[in-house]
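In what follows, a single structure is set out as structure tokens and then discussed.
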Amino acid sequence: MVVRRVFAWVLAAGVAAVVGRAAVVAADGQPAPVAGSTVTFETLPALLKAAGLEPRDGGAPGRLRIDRGGGGGGFYAFLALSPNSQYVWISSPLADLPKERPLPRARLFEMLAANAEDDGVHFALVGDTIHLLRAVDNRGLVPAAFGREVDTFFGVLVKTNRSWNVSRWGGAPVPGAAMGDAPPAGPETPPEATKPPEPAAPAVPAMTEGR
Amino acid sequence: MRPRSLGAGALLVLASVAGSLVPPSARAEGPAAAPAGKAYGPDEIAALVEGLGYEGRPLDRGGRGFLVARSGYTIEINLVLSTDGSKLNVFAPLRAWKDLAAVPEEALLGLLRATAEYGPTRAYVLPTEQGVPWVGLVRSLDNRDLHPSNVREQIDFLFEHVRRTEDLWNPERWAGAAHPEAPAATPAMDGSR
């Protein structure tokens, strides 16, 4: 009798554990990542939602989009896994380089100076389009930390507006280019006209290795 | 009353259920399962560098600097924790750009394009307190669940990308330079970059 009771208890506990796990997998219709682990494209939405973000379709296979702000002054970023799943890339196409040359060197130096910051957020040129990028290691991910990465990303995007916003470049090119040569002009939140354009191409650059 | 013995089928179910109670991590194939990594503190960087087989020296801004030499090519690597400790940055300072006006626009654009091509390696130009900016490449590791092998991998990629981008960051390789064929030389470490 005792053995039967033990068996029944173990069986019930086992079923409960299995059901519980299935519930986690099925939550919100999408598989959830295990806390502090790696994510797949299938589990990425659950991570983002747990971080308080609202991901939506990114308009291309393997890509999600998140928006920040609104009222015409908002920004967006794409999220995608690197081909080898080693990184979760956050990317935002910002502006196309003007055709005219020479370009204002101070602005180019500012973007390269921003790349030395220790937050990992950086500027890059994909073709002639300025992108802001961040490769988050797909290792030991937890929602709160990922949410902070996204906050930092958008913070850098706003803070560096003068550097990447080509509509504010105007005027004569700066020869010799002192870095950080003048304080930012105007509000740091860009007007409607400086919203990033909808990209025609995937925002995550064609990556070759180590990613 | 004597308890009934469990049948083979019941034992099979019991074993299956018991197995399902074991967490996935505990079920991983023992030797193949990677041990958990760690987050490195400021006092652990020196040991990390030594563990990778390099002779490091303390940097003024914290972290450790060391030289990596392969196939007659030597670069300096500075391993520095971010201010908040959340990133372990692997810097490769390459050259002082003493005359910014002489830097070709195509070199600046090329470094930004190389950042897209070789990312997460990113090119930077870092102003220094001495007023002479340094150009270099850097990669950032998120300081969590880290293994020394993760750091070694960053160094390997940085080394390769430094070589591939030399035409962009080395003034001696720019068109019109006095010695366009001059080989790369390792800048002296002064801890200020």
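Ordering of the structure tokens sets the chain letters (A, B, ...), residue numbers begin anew at 1 in every chain, and ligands are numbered from 1 in the order given.
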Got a sec: who's within 10 Å of Phe159 of chain B, counting only C-alpha atoms, leaving out chain neighbours fewer than 6 positions off, as a list in words? Val68, Ala69, Arg70, Tyr73, Thr74, Ile75, Glu76, Ile77, Ala92, Leu137 and Glu153 of chain B
I need the chosen residues saved as a compact mmCIF listing (two decimals), in the first residue's frame, with C-alpha atoms.
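Okay, this is what ended up in again-v5.txt:
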# COMPACT_ATOMS: atom_id res chain seq x y z
CA VAL B 68 50.26 39.67 -28.99
CA ALA B 69 52.82 38.61 -31.58
CA ARG B 70 52.14 36.25 -34.44
CA TYR B 73 53.22 40.99 -36.55
CA THR B 74 52.71 42.44 -33.11
CA ILE B 75 49.77 44.33 -31.69
CA GLU B 76 49.01 45.72 -28.28
CA ILE B 77 45.87 44.55 -26.51
CA ALA B 92 43.77 47.23 -29.87
CA LEU B 137 39.91 48.50 -33.12
CA GLU B 153 38.39 34.37 -29.39
For chain B against chain A, which residues fall within 6 Å using only C-alpha atoms, given as a PyMOL selection string? chain B and resi 3+17+82+100-101+112-113+115-117+124-126+140+145
Please, could you write that set of residues out with N, CA and C atoms as a short mmCIF file (atom, residue, chain, number, x, y, z; two decimals), in the first residue's frame?
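Printed below is result04.cif as written:
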data_model
loop_
_atom_site.label_atom_id
_atom_site.label_comp_id
_atom_site.auth_asym_id
_atom_site.auth_seq_id
_atom_site.Cartn_x
_atom_site.Cartn_y
_atom_site.Cartn_z
N PRO B 3 1.88 -5.92 0.20
CA PRO B 3 1.77 -5.04 -0.96
C PRO B 3 2.05 -5.77 -2.26
N VAL B 17 8.99 9.17 -15.35
CA VAL B 17 8.55 10.35 -14.60
C VAL B 17 9.70 10.91 -13.77
N SER B 82 34.40 47.96 -18.41
CA SER B 82 33.65 49.20 -18.54
C SER B 82 33.43 49.81 -17.15
N LEU B 100 45.31 65.30 -37.86
CA LEU B 100 43.98 64.88 -38.29
C LEU B 100 43.63 65.40 -39.68
N ALA B 101 44.16 66.55 -40.02
CA ALA B 101 43.86 67.12 -41.34
C ALA B 101 44.42 66.24 -42.46
N LEU B 112 34.57 53.06 -40.98
CA LEU B 112 33.16 52.85 -40.63
C LEU B 112 32.57 51.68 -41.43
N ARG B 113 33.00 51.54 -42.66
CA ARG B 113 32.51 50.39 -43.46
C ARG B 113 33.12 49.08 -42.93
N THR B 115 33.79 48.47 -39.96
CA THR B 115 33.06 48.16 -38.73
C THR B 115 31.80 47.35 -39.04
N ALA B 116 31.17 47.66 -40.18
CA ALA B 116 30.02 46.85 -40.58
C ALA B 116 30.46 45.47 -41.07
N GLU B 117 31.58 45.44 -41.78
CA GLU B 117 32.03 44.18 -42.36
C GLU B 117 32.57 43.21 -41.31
N TYR B 124 37.66 52.77 -33.95
CA TYR B 124 37.43 53.95 -33.12
C TYR B 124 38.57 54.94 -33.28
N VAL B 125 38.27 56.17 -32.97
CA VAL B 125 39.30 57.20 -32.83
C VAL B 125 39.07 57.81 -31.46
N LEU B 126 40.05 57.63 -30.60
CA LEU B 126 39.86 58.01 -29.20
C LEU B 126 40.69 59.24 -28.86
N SER B 140 33.76 44.22 -27.69
CA SER B 140 33.22 44.22 -26.33
C SER B 140 32.59 42.87 -26.02
N ASP B 145 28.67 35.16 -17.60
CA ASP B 145 28.84 33.79 -18.10
C ASP B 145 30.05 33.70 -19.03
#
Name the residues in contact with Thr121 of chain B at a cut-off of 8 Å, using only C-alpha atoms, excluding same-chain residues fewer than 4 positions from it; report them as JSON, numbers by chain. {"B": [115, 137, 138, 139, 157, 158, 161]}
So, with only C-alpha atoms as the atoms that count, which of B:Trp134, B:Ser71, B:Asn89, B:Thr83 lies closest to Glu160 of chain B?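 Using only C-alpha atoms, Glu160 of chain B sits closest to B:Ser71.
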Please identify the helix (DSSP H, G or I) residues within segment 1-171 of chain B (assignment by DSSP from backbone atoms) and present them as a ChimeraX atom specification. /B:8-21,24-27,30-32,42-51,100-102,105-118,148-164,166-169,171
Just list as JSON, numbers by chain whatever in segment 40-177 of chain B DSSP marks as strand (DSSP E or B). {"B": [57, 58, 64, 65, 66, 67, 68, 69, 70, 73, 74, 75, 76, 77, 78, 79, 80, 81, 87, 88, 89, 90, 91, 92, 93, 94, 95, 96, 122, 123, 124, 125, 126, 134, 135, 136, 137, 138, 139, 140, 141, 142, 146]}
Take the residues from that selection and put them in a file with N, CA and C atoms, as a compact mmCIF listing (two decimals), in the first residue's frame.
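To be explicit, this is the file written out as part27.txt:
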# COMPACT_ATOMS: atom_id res chain seq x y z
N ARG B 57 50.61 44.02 -18.01
CA ARG B 57 51.04 45.08 -17.10
C ARG B 57 49.84 45.97 -16.82
N PRO B 58 49.79 46.56 -15.65
CA PRO B 58 48.62 47.39 -15.31
C PRO B 58 48.57 48.65 -16.16
N ARG B 64 44.49 45.55 -17.96
CA ARG B 64 45.85 45.10 -18.25
C ARG B 64 46.15 45.26 -19.73
N GLY B 65 47.40 45.58 -20.01
CA GLY B 65 47.87 45.66 -21.39
C GLY B 65 48.90 44.58 -21.64
N PHE B 66 48.90 44.07 -22.86
CA PHE B 66 49.89 43.05 -23.20
C PHE B 66 50.06 43.01 -24.71
N LEU B 67 51.13 42.39 -25.15
CA LEU B 67 51.44 42.31 -26.57
C LEU B 67 51.10 40.93 -27.10
N VAL B 68 50.57 40.93 -28.31
CA VAL B 68 50.26 39.67 -28.99
C VAL B 68 51.07 39.66 -30.28
N ALA B 69 51.95 38.70 -30.41
CA ALA B 69 52.82 38.61 -31.58
C ALA B 69 52.58 37.30 -32.31
N ARG B 70 52.34 37.44 -33.61
CA ARG B 70 52.14 36.25 -34.44
C ARG B 70 52.70 36.51 -35.82
N TYR B 73 54.13 39.86 -36.65
CA TYR B 73 53.22 40.99 -36.55
C TYR B 73 52.81 41.10 -35.09
N THR B 74 52.98 42.27 -34.54
CA THR B 74 52.71 42.44 -33.11
C THR B 74 51.70 43.55 -32.89
N ILE B 75 50.71 43.28 -32.06
CA ILE B 75 49.77 44.33 -31.69
C ILE B 75 49.65 44.38 -30.17
N GLU B 76 49.25 45.53 -29.71
CA GLU B 76 49.01 45.72 -28.28
C GLU B 76 47.53 45.47 -28.01
N ILE B 77 47.25 44.78 -26.93
CA ILE B 77 45.87 44.55 -26.51
C ILE B 77 45.69 45.12 -25.11
N ASN B 78 44.66 45.90 -24.93
CA ASN B 78 44.31 46.41 -23.60
C ASN B 78 42.96 45.84 -23.19
N LEU B 79 42.97 45.12 -22.10
CA LEU B 79 41.74 44.50 -21.59
C LEU B 79 41.21 45.36 -20.45
N VAL B 80 40.06 45.97 -20.67
CA VAL B 80 39.57 46.97 -19.72
C VAL B 80 38.09 46.73 -19.42
N LEU B 81 37.73 46.71 -18.17
CA LEU B 81 36.31 46.63 -17.79
C LEU B 81 35.65 47.99 -18.00
N LYS B 87 30.74 45.30 -19.18
CA LYS B 87 31.42 44.91 -20.42
C LYS B 87 32.91 44.70 -20.14
N LEU B 88 33.45 43.76 -20.85
CA LEU B 88 34.90 43.58 -20.85
C LEU B 88 35.36 43.95 -22.26
N ASN B 89 36.00 45.10 -22.36
CA ASN B 89 36.38 45.63 -23.66
C ASN B 89 37.81 45.22 -24.01
N VAL B 90 37.97 44.80 -25.24
CA VAL B 90 39.28 44.35 -25.73
C VAL B 90 39.74 45.37 -26.77
N PHE B 91 40.61 46.28 -26.35
CA PHE B 91 41.07 47.35 -27.22
C PHE B 91 42.38 46.95 -27.91
N ALA B 92 42.50 47.34 -29.16
CA ALA B 92 43.77 47.23 -29.87
C ALA B 92 44.13 48.63 -30.38
N PRO B 93 44.81 49.44 -29.55
CA PRO B 93 45.24 50.76 -30.01
C PRO B 93 46.33 50.59 -31.07
N LEU B 94 46.22 51.35 -32.15
CA LEU B 94 47.09 51.07 -33.29
C LEU B 94 48.05 52.20 -33.65
N ARG B 95 47.55 53.40 -33.75
CA ARG B 95 48.41 54.51 -34.16
C ARG B 95 47.91 55.81 -33.55
N ALA B 96 48.84 56.67 -33.27
CA ALA B 96 48.48 58.06 -32.95
C ALA B 96 48.32 58.78 -34.28
N ARG B 122 34.90 46.96 -33.96
CA ARG B 122 34.56 48.31 -34.39
C ARG B 122 35.81 49.19 -34.36
N ALA B 123 35.88 50.05 -35.36
CA ALA B 123 36.99 50.99 -35.42
C ALA B 123 36.65 52.21 -34.58
N TYR B 124 37.66 52.77 -33.95
CA TYR B 124 37.43 53.95 -33.12
C TYR B 124 38.57 54.94 -33.28
N VAL B 125 38.27 56.17 -32.97
CA VAL B 125 39.30 57.20 -32.83
C VAL B 125 39.07 57.81 -31.46
N LEU B 126 40.05 57.63 -30.60
CA LEU B 126 39.86 58.01 -29.20
C LEU B 126 40.69 59.24 -28.86
N TRP B 134 44.07 58.55 -30.88
CA TRP B 134 44.54 57.24 -31.32
C TRP B 134 43.45 56.54 -32.10
N VAL B 135 43.86 55.87 -33.16
CA VAL B 135 42.95 55.03 -33.92
C VAL B 135 43.18 53.59 -33.49
N GLY B 136 42.13 52.83 -33.44
CA GLY B 136 42.28 51.44 -33.05
C GLY B 136 41.03 50.64 -33.37
N LEU B 137 41.07 49.39 -32.99
CA LEU B 137 39.91 48.50 -33.12
C LEU B 137 39.56 47.98 -31.72
N VAL B 138 38.31 47.71 -31.50
CA VAL B 138 37.88 47.23 -30.19
C VAL B 138 36.73 46.25 -30.35
N ARG B 139 36.65 45.30 -29.46
CA ARG B 139 35.50 44.41 -29.36
C ARG B 139 35.05 44.39 -27.90
N SER B 140 33.76 44.22 -27.69
CA SER B 140 33.22 44.22 -26.33
C SER B 140 32.59 42.87 -26.02
N LEU B 141 32.89 42.36 -24.86
CA LEU B 141 32.25 41.15 -24.36
C LEU B 141 31.29 41.55 -23.24
N ASP B 142 30.11 40.99 -23.26
CA ASP B 142 29.22 41.20 -22.12
C ASP B 142 29.77 40.39 -20.95
N LEU B 146 31.12 34.34 -18.62
CA LEU B 146 32.31 34.44 -19.47
C LEU B 146 33.30 33.32 -19.17
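If you measure from each of B:Pro104, B:Trp97, B:His147, B:Gly63 to Ala36 of chain B using only C-alpha atoms, the closest one turns out to be B:His147.
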For Pro55 of chain A: contacts at 7 Å, only C-alpha atoms, fewer than 3 positions along chain excluded, given as number ranges by chain: A: 45, 48, 64-66
Rounded to one decimal place, report the atom CA of Leu81 of chain A-atom CA of Phe146 of chain A distance in Å.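 Value for the atom CA of Leu81 of chain A-atom CA of Phe146 of chain A distance: 13.8 Å.
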